[in-house]
Amino acid sequence: MITRRDFFKGAGAAAVSATAVSKVAAASLPEAVLMGSADTHVPPAPSNGRHFNPVVTLNGWSLPWRMRDGVKEFHLVAEPVVREMAPGMKAHLWGYNGQSPGPTIEVVEGDRVRIFVTNRLPEHTSVHWHGLRVPNGMDGVTGLTQPGIAPGKTYVYEFVATRPGQFMYHPHADEMTQMAMGMMGFWVTHPKDYRQQAVDRDFVFLLSAFDIDPGSYKPKPNTMLDFNLWTFNSRVFPGIDTLPVRQGDKVRIRVGNLTMTNHPLHMHGHEFVVTGTDGGWVSPTARWPEVTTDIGVGQMRAIEFHATEPGDWALHCHKSHHTMNAMGHNVPSMIGVDHDGIAEKINRIVPGYMAMGDKGGSMGGMQMPLPENTLPMMTGEGPFGGVEMGGMFTVLKVRKEQKRGDYSDPGWYQHPPGTLAYEWTGELPAATRQYDAGRAAMPARKVEEIEVTVRKPAGHEGHSGH
């Protein structure tokens, strides 16, 4: 973690707008804390203010604060950032405090919160507190509830966090560009009584999507639907950290969706219940069981389960193309097409050409030259070979020996004898095929032969033109 103690010295001092911070003009700004690492950082217990059980942000961190006269003060810095999406690829994005998405903000129900927002972008911005109840002038919609925060200026948002739950923050200024560039973050308001809604492990992350051409570093902000990188907290598999838990733990996963489409989040090995949305906690009598929950655009879901089943369990979006990287949308299907020798001939003319598989082909096993800063479509090695996933995919690792509070990766699961799928080496019976299925229920109707006579018109009869 990197700090900027001298952030506002020298030329940076002019960044503070006197009119924007008039109510707290006499107070020094809280320190702007930056993060350069893409690892998951487990936050410590709060050192001041009311106690709460911190969340763990997947491939992210929680923003420190200071207490000043009973107010919890944070400092967000909107700025260009470099985010490593996975080893071998970095993206030049916009975010907060050194990362995209920005740090998770954690407060307690009833806290008075003051957030200083410094704009180091090349254009104006704002911050909308998605789902939070705030005074209208703190809602962050540029032109409607406030002027835009000009480059180099600092604005202050101040309100009471009145409702516990899971929320988000993002701009409402040049929104399509700024959110497409990665400007977003998670917000958690914990209940007054930290024993309410308590779980053993509480994970949070955001769903986001980018369109970055192979070999390029910057997203294309005008893309509407055809994104090629689908991410958990701006990371793609195999760059997404795992979720290590102890067998028997009660686990919560909170997910927010700031992409342009819905995401059916599916978990293997366990069923869960949907316990919360961005609208609040679901009454225990109204919760419903799922193994896949669909998260719509701008929505949030909190799911909970008891991690009873040991193993390495996949957690992923169930839209197949969302578990791929650097996709090509216009690649034709070559299944069933015999192109022996063709690729070699084409390669003489187009160096680096590679034909897609004619048998359905394992994309994860295809090796072809890639532009610099480009990820393979499917990658990542597991204990039995290529996992053949990318994008929105990670692994829930349930272990009996995982210690309480230990979030280190325990390695691959060792399957007990008799619990691993195996190859059958015995004799196979001849296949029985049915070619007339359904005829008994729906016998074919006899069709009488009909003689069809066709008369071809001669000349230009019936034409209106000359």
# chains A, B, ... in the order shown; residues from 1 in each chain; ligands from 1
>>> select_by_dssp(residues="region 152-268 of chain A", states="helix (DSSP H, G or I)", output="list in words")
Glu175, Met176, Thr177, Gln178, Met179 and Ala180 of chain A
>>> residues_around(residues="region 232-241 of chain A", least_positions_apart="5", cutoff="9 Å", atoms="only C-alpha atoms", output="ChimeraX atom specification")
/A:38-40,57-60,83-87,100-101,182,185,205-210,323-325,378-381,389-395,409
>>> residues_around(residues="Arg287 (chain A)", least_positions_apart="4", cutoff="10 Å", atoms="only C-alpha atoms", output="NGL selection string")
:A and (272-276 or 281-283 or 303)
>>> atom_distance(atom1="CA of Ala32 (chain A)", atom2="CA of Val113 (chain A)")
16.0 Å
>>> select_by_dssp(residues="region 105-214 of chain A", states="strand (DSSP E or B)", output="ChimeraX atom specification")
/A:105-108,112-119,125,128-130,142,146,149,154-160,165-170,185-190,201-210
>>> closest_residue(among="A:Phe52, A:Thr118, A:Thr145, A:His130", to="Arg195 (chain A)", atoms="only C-alpha atoms")
A:Phe52
>>> closest_atom_pairs(of="region 256-295 of chain A", to="region 161-178 of chain A", cutoff="8 Å", atoms="only C-alpha atoms", output="JSON lines")
{"residue": "A:Gly256", "atom": "CA", "partner": "A:Met168", "partner_atom": "CA", "distance": 7.3}
{"residue": "A:Gly276", "atom": "CA", "partner": "A:Gly165", "partner_atom": "CA", "distance": 7.5}
{"residue": "A:Thr277", "atom": "CA", "partner": "A:Gln166", "partner_atom": "CA", "distance": 7.2}
{"residue": "A:Asp278", "atom": "CA", "partner": "A:Gln166", "partner_atom": "CA", "distance": 5.6}
{"residue": "A:Gly279", "atom": "CA", "partner": "A:Gly165", "partner_atom": "CA", "distance": 7.9}
{"residue": "A:Gly280", "atom": "CA", "partner": "A:Gly165", "partner_atom": "CA", "distance": 5.8}
{"residue": "A:Trp281", "atom": "CA", "partner": "A:Gly165", "partner_atom": "CA", "distance": 6.9}
>>> write_last_selection(atoms="C-alpha atoms", output="tab-separated table (two decimals), in the first residue's frame")
chain	number	residue	atom	x	y	z
A	256	GLY	CA	-22.73	-5.82	-7.89
A	276	GLY	CA	-29.96	-9.30	0.19
A	277	THR	CA	-30.22	-6.87	-2.71
A	278	ASP	CA	-29.23	-3.23	-3.02
A	279	GLY	CA	-32.77	-2.52	-1.78
A	280	GLY	CA	-32.09	-4.18	1.57
A	281	TRP	CA	-31.99	-7.50	3.36
>>> residues_around(residues="Met224 (chain A)", least_positions_apart="4", cutoff="10 Å", atoms="only C-alpha atoms", output="list in words")
Met176, Ala180, Asp211, Lys220, Thr259, Met260 and Thr261 of chain A
>>> residues_around(residues="Trp313 (chain A)", least_positions_apart="3", cutoff="10 Å", atoms="only C-alpha atoms", output="PyMOL selection string")
chain A and resi 242-243+267-270+309-310+316+394-398+413
>>> write_last_selection(atoms="C-alpha atoms", output="PDB file, in the first residue's frame")
ATOM      1  CA  THR A 242      -9.687 -17.849  -5.244  1.00  0.00           C
ATOM      2  CA  LEU A 243     -12.154 -17.746  -2.339  1.00  0.00           C
ATOM      3  CA  MET A 267     -21.777 -21.826  -7.945  1.00  0.00           C
ATOM      4  CA  HIS A 268     -20.833 -25.490  -8.031  1.00  0.00           C
ATOM      5  CA  GLY A 269     -21.085 -27.905  -5.107  1.00  0.00           C
ATOM      6  CA  HIS A 270     -23.453 -25.909  -2.883  1.00  0.00           C
ATOM      7  CA  GLU A 309     -18.633 -29.767   0.874  1.00  0.00           C
ATOM      8  CA  PRO A 310     -14.815 -29.877   0.671  1.00  0.00           C
ATOM      9  CA  HIS A 316     -18.630 -18.253 -12.629  1.00  0.00           C
ATOM     10  CA  THR A 394     -12.831 -18.322 -10.090  1.00  0.00           C
ATOM     11  CA  VAL A 395     -12.718 -21.159  -7.551  1.00  0.00           C
ATOM     12  CA  LEU A 396     -14.315 -21.547  -4.136  1.00  0.00           C
ATOM     13  CA  LYS A 397     -11.848 -23.643  -2.120  1.00  0.00           C
ATOM     14  CA  VAL A 398     -13.434 -25.398   0.866  1.00  0.00           C
ATOM     15  CA  TYR A 413      -7.824 -30.324  -3.459  1.00  0.00           C
TER      16      TYR A 413
END
